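A short worksheet on the structure shown next.
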Amino acid sequence: MKFTLSWLNDHLESNSSLKAITDKLTMLGFEVEKVQAPSKVFSNFFVVQIVEAMPHPTVDQLSICKVDIGENIIQVMSHATNTHSGMKSIFAPPGSYAPEYELILEQYKNYDANNSGILMSEGQLGIGNNHNNIIDLPKDAPIGIDYATYAGLDDPIIEISVTPNRGDCLSVRGIARDLAASGIGTLKSIDTSPVNGTFVSPLRFEIDLPAKQAYVCPTVISRCFRNVKNGPAPFWMQKRLRAVGVSPVSALIDITNYLMLDLGQPLHIYDAAKLHGNPSIRLAKNGERYLGINGTEYTLETDMLVISDAKGIESIAGIMGGKRTSVNEDTTCMFLEAAIFDQISIANTGRRLGILSGSRYRFERGLDYTSPRWGVEIVARMILKICGGEASETVVNVKEKLCQRKLTMKYSRIAAISGVDLPSDKTESILSALGFKVNSSSDSISVIPPPWRNDVIGEAELVEDIVRVFGYDKIPSASMEHTSLISQPTLTVEQNFRRIIKRYLTSRGMMEAVTFSFLPLRHAELFGGGTQALQIVNPISIDLAAMRPSILPNLITAATRNINVGYPDIAMFEVGPQYTGDQPEDQSQVAVGLRVGRTGRRDWRNFDRAVDLFDVKADVIALLEMIEVSVIKLHLSQKTPNWYHPARSGCFCLGSKIIAYFGDLHPYILKYFDLNAPAVAFEVLLDNLPIPEQKKPQRPLLEDNIFQSIVRDFAFIVADDLPADRVTQAVVNADKTIINSVHVFDQYRGPSIPKGTKSIAVEVTMQSLYGTMNNDQIKTTSAKIIANVKKNTKGILRN
Amino acid sequence: MFNIKTLETELLNRIACAEDLDSLEKIRIFALGKRGRITAEMKNLAAMNPQARKKTGKALNQLKCLVKNTLLARKTALSSVIMDDCILANRVDISLPVPPEMKGRIHPITQTTDEIITIFAAMGFVVVEGPDIESDYYNFEALNFTPNHPARQDQDTLYLKPDKNGERKVLRTHTSAVQIRTMEKQSPPIRIIVPGRTFRSDHDATHSPMFHQVEGLVIDKVSHMGHLKGCLIDFCQAFFGIKDLPIRFRPSYFPFTEPSAELDIGCLRIGHELKIGHYGDWLEILGSGMVHPNVLRNSGLNPSKYQGFAFGIGLERISMLKYGIPDLRPFYENNLRWMHHYGFLSFAQPTIAGGV
C-alpha cells in the first residue's frame, strides 16, 4: 500500500514528523518498505517563461530563447522544436545534476560561450519519454518556484505492507485511523451525507443467482449520472495517483481509482450508453468468453460471478471491468456499481483467471460491508464537483443487514494475555479511537466492532488491538519461570543418538552433508521408491519431483559434483529422513555414509589405498558401538537391496530387523551416476535399533581376572566359501570359560593348500579363572578348539 | 729386569687409545689372555725367591685389577658411544607428512540446531519432532488457516499426488504443524521446541525449496506476552552472544497466533555485509505470538483455562547472520570447499558450560 504524506494529512490532523509517522506505522504492525522523498532530486530545476524565441542565425534546428527566470532575463539555447514565445517550461541552471542520466548538464557549451543552462524535456527530467520537446507547463505555473514543489514531488511517498487481516488498512483513511488511535494526531471527519438524486435511474441491476448462491452478492447499490464531462482529472488527483504508481486516464476512472485507494471501496463504472438493457449479476456459463479492459480475452467457468447485459459479459464481479462498456472521454452518461461480493468467490475466480487487481485484492481481504451505502454518496459528490452533470437517486438491490456483533471481555483477561495492566480508560479510548462502540462495567468491557473490522472475532483480536496500539515496546518482558522440567533430558534417547552419530562420523573424517528431501523420479526408482504417493504434484523442477526413498542417491549426486570440481576422494554422510510412504510412520531416520576414491591423498609410505567395503563395515560397527548397540548380538547376511553390489555387500540384522547395509555400490548404479571410482556406502536404519533399556547409572562390579592370559595362533583349512566368522564362532564355542577372544589375522589361498579351500588364521586369547594355565591345560583347550572347528566347519588344522 | 711400572703405563696407554670394542678385546688378550703379558709375568713368579715373589706378586695382582677395571670402564664408554651412534643413525626427516586422513566437519545447520537446543534446554524445553509429509489438517486447518488462504496455493506449497480418497498430502510449510500434534497428545504444561525440515515452492537467491525451522511452543495457565518477550530476548542474547543486543517486537499477523509479533534485531547493512548491534537499522529474524484460541480449541484445550505462546525461527537465516555466511544456496549444494570453510569441528558441541 502506497500513499503520500499530504494524502495522509487529508485524513489526519497531525504535526508529527515523517520519521515519527513511519516509526509509529512500524510499531502498529505496518512494515514500512520504502519512504521516498524525491524533492531533493528535482529541487535544482525551476519554472521559467520564454519571453522570446528565435532561430539561431548559423546553426540549424537550434533556437535562441530569452528566458525569464524570475530574478532576471537570460539567454538560453535549445534544440527543442516546440519553443515559442510566452510558453512556460522548466530550466536547469548550468552544472545541475540530472538524475536520469546521472550527470551534470553542460550540453550546449559548444554553441553557448556563457554556458547559461538548459530548458528541460520530460525525458531529461526522467518523468516521461519525450526527449525532443521541452516541457510545456500550464500558463498559471508560477515563475521561479522549483519543479519539485510545483509538481507536488516534494510530497514524500510512503510504502507499507498491510497484513492480510487488515483489509481496512488498504486505504489511506484506514491507516490514518490507526495512527490517530495510537496518538499521532486526530482523525478528520468525512462528509458521507446523502447527495440527493435529481432523476430516477433508468438502469438497475438484476440479480440472477440461484438461492443457494445468493450469499455471494450480499449488497448491491447503484446510481446513474448524466451530462457529465469526462475530461482529465484535476491536477492534484493526477499527481497523487502518479505518485503511488497509478496512471491517470480520465476524470471518471481516476475518481473511482482514487476513492478505492482513499477509502478502500472498490467501485465500478459503466458507460450507460453502451449497456444493452439492465446489467445482471449472475454466474458465468462454462466456456463463456469475455474481453477484459486490459485487452485480454478470458474463458470463464460456471461458478464465476459476472455482470452481463444482453450482449454478454462485461465485467468479472469485483475483479476487472470489460472493454465493451468502459467509459472514455465521450462518455456523458455513466452507471455506477457499489457492491459487496463474497471474499472466497472473488479469491477463487481471481486465482483461476490469474488476474491481479486492486479491486480483487481488497474484496479478498474483506470490505467494510456498509461501504456501498456511503460510497455512492462520496463518489457522487466528487463526480458532480469534477465532471458536472446530475446524479440519479440511488437504487438499492440488496443490502446486508447491519450486524451488531457484540464481544464481552473481562478486563483481567487483557493483563492475563498481554502481561500489561492497562487502566480501563486507556483500553476504552484505544478501542473507541479504532471505531469500536464501547460499553464498560467495573470489571468487564463489551464492544461492537466497527463494520470495517471483520477480522475481530473474539477476545484474542481485541487484546491484540489494545496492546498493538498501546505499544508492544511497553510490555515488560519477563524471563520464563523455572520449572522442575530441567531434570528431564531435552533430547530423547533417539535424538541424542543422532547427535552422537553426527559428531562421531565427523570425527572419523566424514563431512556432514545436508541434502534435499526430494530428488529426480528416476533416482527414486533406482533406490526402491518413486511410488505415486511420494511424487510431488507441483515440483520446483523435474529434479525435485519425488520424495527420497534413500539418502544415498543424493549423496552420490553431491559426490559426483565434488569430483567434477577436483575433489576425487570423498567421505561424506548425512543423518536424516527417508520416506517409504505418505504416512507419519513411513518416515524414518537413517545414517548414511559414502566413501569414494582413496582413503586419502597419496602417501610417501603408501598408507593410502582405494576405499573398500571394510571401510564402511568399520564405519557401521564403530557407529553402532558409539550408540551402545551390542554388535556381537547382530548377525550378518548377504541380503542387500539392489543398489549394492550383490557379491560385495552385507547386512547386519537383529532378529528379523535390518539394522544396517554396507558394501560396494552396484556397478550399474556407478554407471548411471557416471562415477568412475571405487565407491562404498552404508545405511544404518536408526529407527530399527532396539530401544535401549532405561539403565541405572551404576555399573556392575568389575570381575577382574588376575591370572596371566595366553595367546596361541591356529590356522585352519576350510572350504573356500565358508565365512570366516564361522571359524571364530567355532573357536569361541569350544570353551567359553577359557577363550577370551578370537581374532582372524590372515586369510590365504594358494598353491600350498588344496584347490577349493582357503586357510583362515586366528589368534586366540585364553585365560583361566582359576590360575595361570599350564601346558597340559593349554593342550587340552587347543584340542577342544581343533575338534570344535572340525565339527562345525569341517576345517582342519593347517600344518 | 722386568719393570712393572713400564707395563702398567703401556697397558693403560693402549686402553686409552682403543677406538672400538675389537681393539679393546685385543688389548685384553694381550694383557690378560692365556699368553698375555700379565699372565706371563704371573707364571714367572714361581721361579722367584719368596721375598721377591711376594712383592712382585702383589704388584702384579694390583696391575691385573687396575687393567681389568680400566678395560671395563673403557668398554662401557665405548659401548655408549656406539649406542648413541646407532640411535642417531636412525634419524628420520620429521618434516615428512603424517599418514593421510580425511577431515570431517559438522554442517552449519546441525551446529545451529544444537546451539538452539542447548539454549532452550536451559529454559526447560524439550525437543519434539513431527513428520515432513503432513495432512492439510495439521499444516493449515487446525492452525486456523481459512480454506482460501493464499499460503495453501500451489505456487506457495508443495503437494504430493492425491491419494485414492482425493486427499493431497502437504510437504509441511512450517514446523508449526507439530504444535497441534503435541497438544493432542500431551497435556499442559508444555514447553517444546521442534527443529525440522520445511518446504515451500520457492527457489531463488534467498529462498530454498527446503529449509529448516525451529518451532517453539509454551502452553500453561500463566505464560503471557511478557514471557514471550523475555524468553525470546534471552534466547537472542545467548545465541548471538551479545548482552545488549537491540531487540524490537513489532506487531504482525499469523493465522495461528493472536496477538502476533515479529522480532527484529539491530543491524547495519553496508553493501552485502551485515553487522549485528546498535546501528539503528533492523532485521527481522523470527515470528511469534500468543497461541490463537481456535488453535487451542482445535487441539482439545480450553482457551479460557490454558494459554501460551509460540514462535518460529528460520534456522538458515540466523545461522547466516551469526556466522557471516553470505549466501543461502550453498547450504544444500554440499560443496566440500564450502563445508570445510563454514563447517564445525566434531567436538565443538555447544554446551551451556562451554558456551554456545
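Labels used: A, B, ... for chains in the order of the C-alpha cells, numbers from 1 for residues in each chain, and numbers from 1 for ligands as shown.
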
Selection near Cys65 of chain A, 9 Å with only C-alpha atoms, sequence-local residues under 3 positions removed, as a list in words: Ile50, Val51, Glu52, Ala53, Met54, Pro55, Ile74, Gln75, Val76, Met77, Ser78, Thr83, His84 and Ser85 of chain A

Residues near Asp281 of chain B, cut-off 8 Å, only C-alpha atoms, skip fewer than 6 positions along chain, as a PyMOL selection string: chain B and resi 266-269

For Ser135 of chain B: contacts at 10 Å, only C-alpha atoms, fewer than 5 positions along chain excluded, given as a PyMOL selection string: (chain A and resi 582-584) or (chain B and resi 140-141+159+167-172+177)

Among listed residues B:Gln155, B:Asn165, B:Asn294, B:Gln213, nearest Gly354 of chain A (using only C-alpha atoms): B:Gln155

Secondary structure check, helix (DSSP H, G or I) residues of segment 99-329 of chain B, as a ChimeraX atom specification: /B:108-121,136-139,141-143,150-152,177-185,225-240,293-298,315-323,329

Preceding selection exported with C-alpha atoms as a PDB file, in the first residue's frame:
```pdb
ATOM      1  CA  PRO B 108      26.189 -25.284   9.996  1.00  0.00           C
ATOM      2  CA  ILE B 109      22.538 -26.403  10.136  1.00  0.00           C
ATOM      3  CA  THR B 110      23.386 -29.091  12.697  1.00  0.00           C
ATOM      4  CA  GLN B 111      25.603 -26.760  14.692  1.00  0.00           C
ATOM      5  CA  THR B 112      22.977 -24.021  14.780  1.00  0.00           C
ATOM      6  CA  THR B 113      20.258 -26.501  15.741  1.00  0.00           C
ATOM      7  CA  ASP B 114      22.448 -27.815  18.562  1.00  0.00           C
ATOM      8  CA  GLU B 115      23.070 -24.274  19.780  1.00  0.00           C
ATOM      9  CA  ILE B 116      19.352 -23.500  19.818  1.00  0.00           C
ATOM     10  CA  ILE B 117      18.561 -26.751  21.605  1.00  0.00           C
ATOM     11  CA  THR B 118      21.226 -26.011  24.213  1.00  0.00           C
ATOM     12  CA  ILE B 119      19.834 -22.567  24.967  1.00  0.00           C
ATOM     13  CA  PHE B 120      16.226 -23.707  25.191  1.00  0.00           C
ATOM     14  CA  ALA B 121      17.268 -26.731  27.248  1.00  0.00           C
ATOM     15  CA  ASP B 136      -3.792 -30.381   5.257  1.00  0.00           C
ATOM     16  CA  TYR B 137      -5.422 -30.541   8.680  1.00  0.00           C
ATOM     17  CA  TYR B 138      -2.241 -30.290  10.743  1.00  0.00           C
ATOM     18  CA  ASN B 139      -0.415 -27.940   8.405  1.00  0.00           C
ATOM     19  CA  GLU B 141      -6.762 -26.187   9.000  1.00  0.00           C
ATOM     20  CA  ALA B 142      -6.066 -26.800  12.671  1.00  0.00           C
ATOM     21  CA  LEU B 143      -3.731 -23.787  12.629  1.00  0.00           C
ATOM     22  CA  PRO B 150      -3.087 -17.754  -0.115  1.00  0.00           C
ATOM     23  CA  ALA B 151      -0.469 -19.956   1.645  1.00  0.00           C
ATOM     24  CA  ARG B 152      -2.435 -23.022   0.562  1.00  0.00           C
ATOM     25  CA  ALA B 177       2.130 -28.353  12.409  1.00  0.00           C
ATOM     26  CA  VAL B 178       3.783 -30.115  15.337  1.00  0.00           C
ATOM     27  CA  GLN B 179       2.068 -27.696  17.759  1.00  0.00           C
ATOM     28  CA  ILE B 180      -1.247 -29.439  17.195  1.00  0.00           C
ATOM     29  CA  ARG B 181       0.231 -32.949  17.229  1.00  0.00           C
ATOM     30  CA  THR B 182       1.877 -32.186  20.571  1.00  0.00           C
ATOM     31  CA  MET B 183      -1.139 -30.591  22.222  1.00  0.00           C
ATOM     32  CA  GLU B 184      -3.318 -33.513  21.149  1.00  0.00           C
ATOM     33  CA  LYS B 185      -1.028 -35.970  22.905  1.00  0.00           C
ATOM     34  CA  MET B 225       3.305 -11.792  26.097  1.00  0.00           C
ATOM     35  CA  GLY B 226       5.780 -10.580  28.705  1.00  0.00           C
ATOM     36  CA  HIS B 227       7.109 -14.138  28.934  1.00  0.00           C
ATOM     37  CA  LEU B 228       7.163 -14.396  25.155  1.00  0.00           C
ATOM     38  CA  LYS B 229       9.342 -11.290  25.061  1.00  0.00           C
ATOM     39  CA  GLY B 230      11.556 -12.422  27.918  1.00  0.00           C
ATOM     40  CA  CYS B 231      12.042 -15.904  26.521  1.00  0.00           C
ATOM     41  CA  LEU B 232      12.995 -14.690  23.051  1.00  0.00           C
ATOM     42  CA  ILE B 233      15.197 -11.839  24.303  1.00  0.00           C
ATOM     43  CA  ASP B 234      17.056 -14.333  26.495  1.00  0.00           C
ATOM     44  CA  PHE B 235      17.406 -16.630  23.514  1.00  0.00           C
ATOM     45  CA  CYS B 236      18.666 -13.986  21.085  1.00  0.00           C
ATOM     46  CA  GLN B 237      21.196 -12.589  23.511  1.00  0.00           C
ATOM     47  CA  ALA B 238      22.536 -16.052  24.273  1.00  0.00           C
ATOM     48  CA  PHE B 239      22.548 -17.154  20.638  1.00  0.00           C
ATOM     49  CA  PHE B 240      24.344 -14.121  19.254  1.00  0.00           C
ATOM     50  CA  PRO B 293      -7.781 -19.651  20.939  1.00  0.00           C
ATOM     51  CA  ASN B 294      -9.004 -21.521  17.834  1.00  0.00           C
ATOM     52  CA  VAL B 295      -5.732 -23.445  17.709  1.00  0.00           C
ATOM     53  CA  LEU B 296      -6.085 -24.398  21.380  1.00  0.00           C
ATOM     54  CA  ARG B 297      -9.672 -25.454  20.768  1.00  0.00           C
ATOM     55  CA  ASN B 298      -8.676 -27.479  17.702  1.00  0.00           C
ATOM     56  CA  LEU B 315      17.480 -21.674  11.008  1.00  0.00           C
ATOM     57  CA  GLU B 316      19.387 -20.786   7.854  1.00  0.00           C
ATOM     58  CA  ARG B 317      18.826 -17.101   8.377  1.00  0.00           C
ATOM     59  CA  ILE B 318      20.153 -16.898  11.931  1.00  0.00           C
ATOM     60  CA  SER B 319      22.977 -19.254  11.057  1.00  0.00           C
ATOM     61  CA  MET B 320      23.978 -16.997   8.168  1.00  0.00           C
ATOM     62  CA  LEU B 321      23.755 -13.965  10.435  1.00  0.00           C
ATOM     63  CA  LYS B 322      25.756 -15.407  13.280  1.00  0.00           C
ATOM     64  CA  TYR B 323      28.486 -16.960  11.171  1.00  0.00           C
ATOM     65  CA  ARG B 329      22.067 -21.629  -1.793  1.00  0.00           C
TER      66      ARG B 329
END
```

Excluding Tyr270 of chain A and residues on its chain fewer than 4 positions from it, collect all residues at most 9 Å away from it, counting only C-alpha atoms, and give them as an mmCIF file with all heavy atoms, in the first residue's frame.
```cif
data_model
loop_
_atom_site.group_PDB
_atom_site.id
_atom_site.type_symbol
_atom_site.label_atom_id
_atom_site.label_comp_id
_atom_site.auth_asym_id
_atom_site.auth_seq_id
_atom_site.Cartn_x
_atom_site.Cartn_y
_atom_site.Cartn_z
ATOM 1 N N LYS A 274 -23.497 2.372 -23.494
ATOM 2 C CA LYS A 274 -23.031 1.127 -24.107
ATOM 3 C C LYS A 274 -23.692 -0.112 -23.504
ATOM 4 O O LYS A 274 -23.440 -1.230 -23.958
ATOM 5 C CB LYS A 274 -21.511 1.014 -23.960
ATOM 6 C CG LYS A 274 -20.745 2.099 -24.716
ATOM 7 C CD LYS A 274 -19.267 2.046 -24.381
ATOM 8 C CE LYS A 274 -18.524 3.227 -24.999
ATOM 9 N NZ LYS A 274 -17.194 3.359 -24.413
ATOM 10 N N LEU A 275 -24.504 0.095 -22.461
ATOM 11 C CA LEU A 275 -25.178 -1.050 -21.841
ATOM 12 C C LEU A 275 -26.428 -1.402 -22.625
ATOM 13 O O LEU A 275 -27.182 -0.513 -23.040
ATOM 14 C CB LEU A 275 -25.570 -0.720 -20.400
ATOM 15 C CG LEU A 275 -24.454 -0.822 -19.343
ATOM 16 C CD1 LEU A 275 -24.939 -0.221 -18.031
ATOM 17 C CD2 LEU A 275 -24.013 -2.257 -19.148
ATOM 18 N N GLU A 314 -19.753 -8.249 -19.276
ATOM 19 C CA GLU A 314 -18.993 -7.007 -19.384
ATOM 20 C C GLU A 314 -18.046 -6.791 -18.217
ATOM 21 O O GLU A 314 -17.160 -5.944 -18.294
ATOM 22 C CB GLU A 314 -19.919 -5.813 -19.523
ATOM 23 C CG GLU A 314 -20.917 -5.716 -18.383
ATOM 24 C CD GLU A 314 -22.263 -5.238 -18.888
ATOM 25 O OE1 GLU A 314 -22.275 -4.754 -20.024
ATOM 26 O OE2 GLU A 314 -23.252 -5.358 -18.172
ATOM 27 N N GLY A 321 -13.118 -4.870 -14.960
ATOM 28 C CA GLY A 321 -14.159 -4.401 -15.859
ATOM 29 C C GLY A 321 -13.932 -4.903 -17.270
ATOM 30 O O GLY A 321 -12.938 -5.555 -17.564
ATOM 31 N N GLY A 322 -14.883 -4.596 -18.164
ATOM 32 C CA GLY A 322 -14.777 -5.070 -19.543
ATOM 33 C C GLY A 322 -14.498 -3.935 -20.501
ATOM 34 O O GLY A 322 -14.755 -2.761 -20.218
ATOM 35 N N THR A 325 -17.945 -1.896 -22.292
ATOM 36 C CA THR A 325 -18.773 -0.888 -21.642
ATOM 37 C C THR A 325 -17.946 0.134 -20.878
ATOM 38 O O THR A 325 -18.450 0.849 -20.029
ATOM 39 C CB THR A 325 -19.752 -1.557 -20.673
ATOM 40 O OG1 THR A 325 -18.976 -2.355 -19.767
ATOM 41 C CG2 THR A 325 -20.752 -2.418 -21.395
ATOM 42 N N SER A 326 -16.632 0.180 -21.159
ATOM 43 C CA SER A 326 -15.778 1.084 -20.389
ATOM 44 C C SER A 326 -16.035 2.539 -20.787
ATOM 45 O O SER A 326 -16.429 2.827 -21.922
ATOM 46 C CB SER A 326 -14.314 0.722 -20.602
ATOM 47 O OG SER A 326 -13.990 0.856 -21.958
ATOM 48 N N VAL A 327 -15.803 3.424 -19.837
ATOM 49 C CA VAL A 327 -16.029 4.852 -20.105
ATOM 50 C C VAL A 327 -14.827 5.411 -20.857
ATOM 51 O O VAL A 327 -13.715 4.898 -20.737
ATOM 52 C CB VAL A 327 -16.261 5.660 -18.803
ATOM 53 C CG1 VAL A 327 -17.480 5.165 -18.067
ATOM 54 C CG2 VAL A 327 -15.025 5.622 -17.926
ATOM 55 N N CYS A 333 -22.981 9.722 -19.958
ATOM 56 C CA CYS A 333 -23.935 9.083 -19.069
ATOM 57 C C CYS A 333 -23.268 7.845 -18.476
ATOM 58 O O CYS A 333 -22.743 7.012 -19.216
ATOM 59 C CB CYS A 333 -25.164 8.688 -19.900
ATOM 60 S SG CYS A 333 -26.587 8.383 -18.875
ATOM 61 N N MET A 334 -23.266 7.764 -17.146
ATOM 62 C CA MET A 334 -22.444 6.738 -16.510
ATOM 63 C C MET A 334 -23.259 6.011 -15.443
ATOM 64 O O MET A 334 -24.090 6.614 -14.770
ATOM 65 C CB MET A 334 -21.223 7.437 -15.903
ATOM 66 C CG MET A 334 -20.175 6.540 -15.341
ATOM 67 S SD MET A 334 -20.493 6.193 -13.628
ATOM 68 C CE MET A 334 -19.784 7.630 -12.868
ATOM 69 N N PHE A 335 -23.018 4.686 -15.361
ATOM 70 C CA PHE A 335 -23.729 3.864 -14.371
ATOM 71 C C PHE A 335 -22.707 3.342 -13.360
ATOM 72 O O PHE A 335 -21.678 2.791 -13.745
ATOM 73 C CB PHE A 335 -24.424 2.704 -15.104
ATOM 74 C CG PHE A 335 -25.310 1.875 -14.232
ATOM 75 C CD1 PHE A 335 -26.324 2.469 -13.468
ATOM 76 C CD2 PHE A 335 -25.162 0.494 -14.161
ATOM 77 C CE1 PHE A 335 -27.158 1.695 -12.667
ATOM 78 C CE2 PHE A 335 -25.988 -0.285 -13.350
ATOM 79 C CZ PHE A 335 -26.986 0.315 -12.599
ATOM 80 N N LEU A 336 -23.013 3.552 -12.084
ATOM 81 C CA LEU A 336 -22.065 3.253 -11.011
ATOM 82 C C LEU A 336 -22.500 2.033 -10.207
ATOM 83 O O LEU A 336 -23.672 1.920 -9.850
ATOM 84 C CB LEU A 336 -21.963 4.464 -10.072
ATOM 85 C CG LEU A 336 -21.216 4.256 -8.755
ATOM 86 C CD1 LEU A 336 -19.715 4.325 -8.972
ATOM 87 C CD2 LEU A 336 -21.645 5.287 -7.724
ATOM 88 N N GLU A 337 -21.560 1.166 -9.964
ATOM 89 C CA GLU A 337 -21.843 -0.030 -9.158
ATOM 90 C C GLU A 337 -21.033 0.032 -7.869
ATOM 91 O O GLU A 337 -19.811 0.192 -7.894
ATOM 92 C CB GLU A 337 -21.446 -1.278 -9.974
ATOM 93 C CG GLU A 337 -21.206 -2.548 -9.167
ATOM 94 C CD GLU A 337 -20.302 -3.537 -9.930
ATOM 95 O OE1 GLU A 337 -20.529 -3.785 -11.134
ATOM 96 O OE2 GLU A 337 -19.349 -4.041 -9.310
#
```

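The protein and nucleic acid residues lying at most 7 Å from segment 196-203 of chain B are Ile540 of chain A; Asp132, Gln155, Asp156, Thr157, Leu158, Leu171, Arg172, Thr173, His174, Thr175, His207, Ser208, Pro209, Met210, Phe211, His212, Gln213 and Val214 of chain B, with only C-alpha atoms considered and sequence neighbours fewer than 4 positions away removed.
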
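Residue nearest chain A within the list B:Asp244, B:Glu262, B:Asp84, B:Glu215: B:Glu262 [criterion: smallest interatomic distance, only C-alpha atoms].
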
DSSP strand (DSSP E) selection over segment 206-394 of chain A, as a PyMOL selection string: chain A and resi 206-208+219-226+268-271+280-283+289-291+297-299+305-309+312-316+320-321+334-340+390-391

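Around Ala524 of chain A, within 12 Å and counting only C-alpha atoms, the residues found are Ser517, Phe518, Leu519, Pro520, Leu521, Phe527, Gly528, Gly529, Gly530, Thr531, Gln532, Leu534, Gln535, Asp543, Leu544, Ala545, Ala546, Met547, Arg548, Pro549, Ser550, Ile551, Leu552, Pro553, Asn554, Gln578, Tyr579, Thr580 and Trp643 of chain A, once anything fewer than 3 positions away on its own chain is removed.
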
How would the residues just picked look written out with N, CA and C atoms as a compact mmCIF listing (two decimals), in the first residue's frame?
```
# COMPACT_ATOMS: atom_id res chain seq x y z
N SER A 517 15.18 -33.30 0.64
CA SER A 517 14.33 -34.47 0.88
C SER A 517 13.76 -35.01 -0.41
N PHE A 518 13.96 -34.27 -1.51
CA PHE A 518 13.42 -34.76 -2.77
C PHE A 518 14.55 -34.96 -3.77
N LEU A 519 14.23 -35.63 -4.86
CA LEU A 519 15.22 -35.95 -5.88
C LEU A 519 14.50 -36.27 -7.19
N PRO A 520 15.25 -36.48 -8.29
CA PRO A 520 14.59 -36.82 -9.55
C PRO A 520 13.88 -38.17 -9.43
N LEU A 521 12.75 -38.29 -10.11
CA LEU A 521 11.94 -39.51 -10.02
C LEU A 521 12.77 -40.75 -10.35
N PHE A 527 16.35 -46.47 -6.31
CA PHE A 527 16.60 -46.79 -4.91
C PHE A 527 15.32 -47.23 -4.21
N GLY A 528 14.50 -47.92 -4.97
CA GLY A 528 13.33 -48.58 -4.37
C GLY A 528 12.16 -47.67 -4.08
N GLY A 529 12.13 -46.48 -4.66
CA GLY A 529 11.00 -45.58 -4.39
C GLY A 529 10.30 -45.17 -5.67
N GLY A 530 9.77 -43.94 -5.65
CA GLY A 530 9.13 -43.40 -6.84
C GLY A 530 7.67 -43.75 -6.96
N THR A 531 7.07 -44.24 -5.87
CA THR A 531 5.64 -44.55 -5.94
C THR A 531 4.84 -43.28 -6.12
N GLN A 532 3.64 -43.46 -6.65
CA GLN A 532 2.70 -42.37 -6.90
C GLN A 532 2.53 -41.49 -5.66
N LEU A 534 4.42 -40.67 -3.39
CA LEU A 534 5.55 -39.84 -2.99
C LEU A 534 6.05 -38.95 -4.10
N GLN A 535 5.17 -38.72 -5.10
CA GLN A 535 5.55 -37.78 -6.15
C GLN A 535 4.91 -36.43 -5.87
N ASP A 543 13.97 -32.14 -11.32
CA ASP A 543 14.98 -32.79 -10.49
C ASP A 543 14.57 -32.90 -9.03
N LEU A 544 13.44 -32.31 -8.68
CA LEU A 544 12.99 -32.34 -7.28
C LEU A 544 11.56 -32.86 -7.24
N ALA A 545 11.30 -33.95 -7.97
CA ALA A 545 9.91 -34.34 -8.20
C ALA A 545 9.41 -35.47 -7.32
N ALA A 546 10.31 -36.16 -6.62
CA ALA A 546 9.86 -37.29 -5.78
C ALA A 546 10.54 -37.22 -4.43
N MET A 547 9.87 -37.80 -3.42
CA MET A 547 10.47 -37.84 -2.09
C MET A 547 11.52 -38.96 -2.07
N ARG A 548 12.60 -38.74 -1.34
CA ARG A 548 13.68 -39.71 -1.42
C ARG A 548 13.37 -40.98 -0.63
N PRO A 549 13.55 -42.14 -1.26
CA PRO A 549 13.37 -43.41 -0.55
C PRO A 549 14.64 -43.78 0.21
N SER A 550 15.73 -43.09 -0.14
CA SER A 550 17.03 -43.34 0.49
C SER A 550 17.82 -42.04 0.36
N ILE A 551 18.74 -41.82 1.29
CA ILE A 551 19.55 -40.61 1.22
C ILE A 551 20.68 -40.79 0.21
N LEU A 552 21.01 -42.06 -0.05
CA LEU A 552 22.19 -42.39 -0.84
C LEU A 552 22.27 -41.69 -2.20
N PRO A 553 21.20 -41.73 -3.03
CA PRO A 553 21.34 -41.08 -4.34
C PRO A 553 21.72 -39.61 -4.23
N ASN A 554 21.18 -38.92 -3.22
CA ASN A 554 21.53 -37.50 -3.06
C ASN A 554 22.99 -37.33 -2.68
N GLN A 578 14.23 -40.58 5.50
CA GLN A 578 13.87 -41.13 4.20
C GLN A 578 12.41 -41.53 4.27
N TYR A 579 11.78 -41.69 3.09
CA TYR A 579 10.33 -41.83 3.07
C TYR A 579 9.93 -43.06 2.25
N THR A 580 9.07 -43.90 2.87
CA THR A 580 8.57 -45.05 2.13
C THR A 580 7.08 -44.92 1.82
N TRP A 643 20.76 -51.76 -4.99
CA TRP A 643 21.73 -50.72 -5.34
C TRP A 643 23.13 -51.07 -4.80
```

Within 8 Å of Lys64 of chain B using only C-alpha atoms, minus same-chain residues under 3 positions, as a short mmCIF file (atom, residue, chain, number, x, y, z; two decimals) with N, CA, C and O atoms, in the first residue's frame:
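Below is the file that was written, part21.cif:
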```
data_model
loop_
_atom_site.label_atom_id
_atom_site.label_comp_id
_atom_site.auth_asym_id
_atom_site.auth_seq_id
_atom_site.Cartn_x
_atom_site.Cartn_y
_atom_site.Cartn_z
N LEU B 32 95.77 -59.90 29.49
CA LEU B 32 95.24 -60.86 30.46
C LEU B 32 94.95 -62.24 29.87
O LEU B 32 94.55 -63.15 30.59
N ILE B 38 100.60 -59.99 31.43
CA ILE B 38 100.46 -60.12 32.89
C ILE B 38 100.44 -61.60 33.27
O ILE B 38 101.12 -62.02 34.21
N LEU B 60 101.77 -57.37 40.72
CA LEU B 60 101.11 -57.89 39.52
C LEU B 60 99.60 -57.97 39.72
O LEU B 60 98.80 -57.64 38.84
N ASN B 61 99.20 -58.46 40.89
CA ASN B 61 97.76 -58.54 41.18
C ASN B 61 97.10 -57.18 41.12
O ASN B 61 95.99 -57.03 40.60
N VAL B 67 94.04 -53.02 35.37
CA VAL B 67 93.82 -53.17 33.94
C VAL B 67 92.38 -53.65 33.68
O VAL B 67 91.68 -53.13 32.81
N LYS B 68 91.95 -54.62 34.48
CA LYS B 68 90.56 -55.12 34.34
C LYS B 68 89.54 -53.98 34.46
O LYS B 68 88.65 -53.80 33.62
#
```

Shortest interatomic distance to chain A - which of B:Trp282, B:Phe30, B:Tyr253, B:Phe311, counting only C-alpha atoms: B:Tyr253

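Between atom CA of Val244 of chain A and atom CA of Leu259 of chain A the separation is 13.3 Å.
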
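The residue that comes closest to Asn227 of chain A, out of A:Ile383, A:Ala787, A:Leu261, A:Val711 and on the basis of only C-alpha atoms, is A:Ile383.
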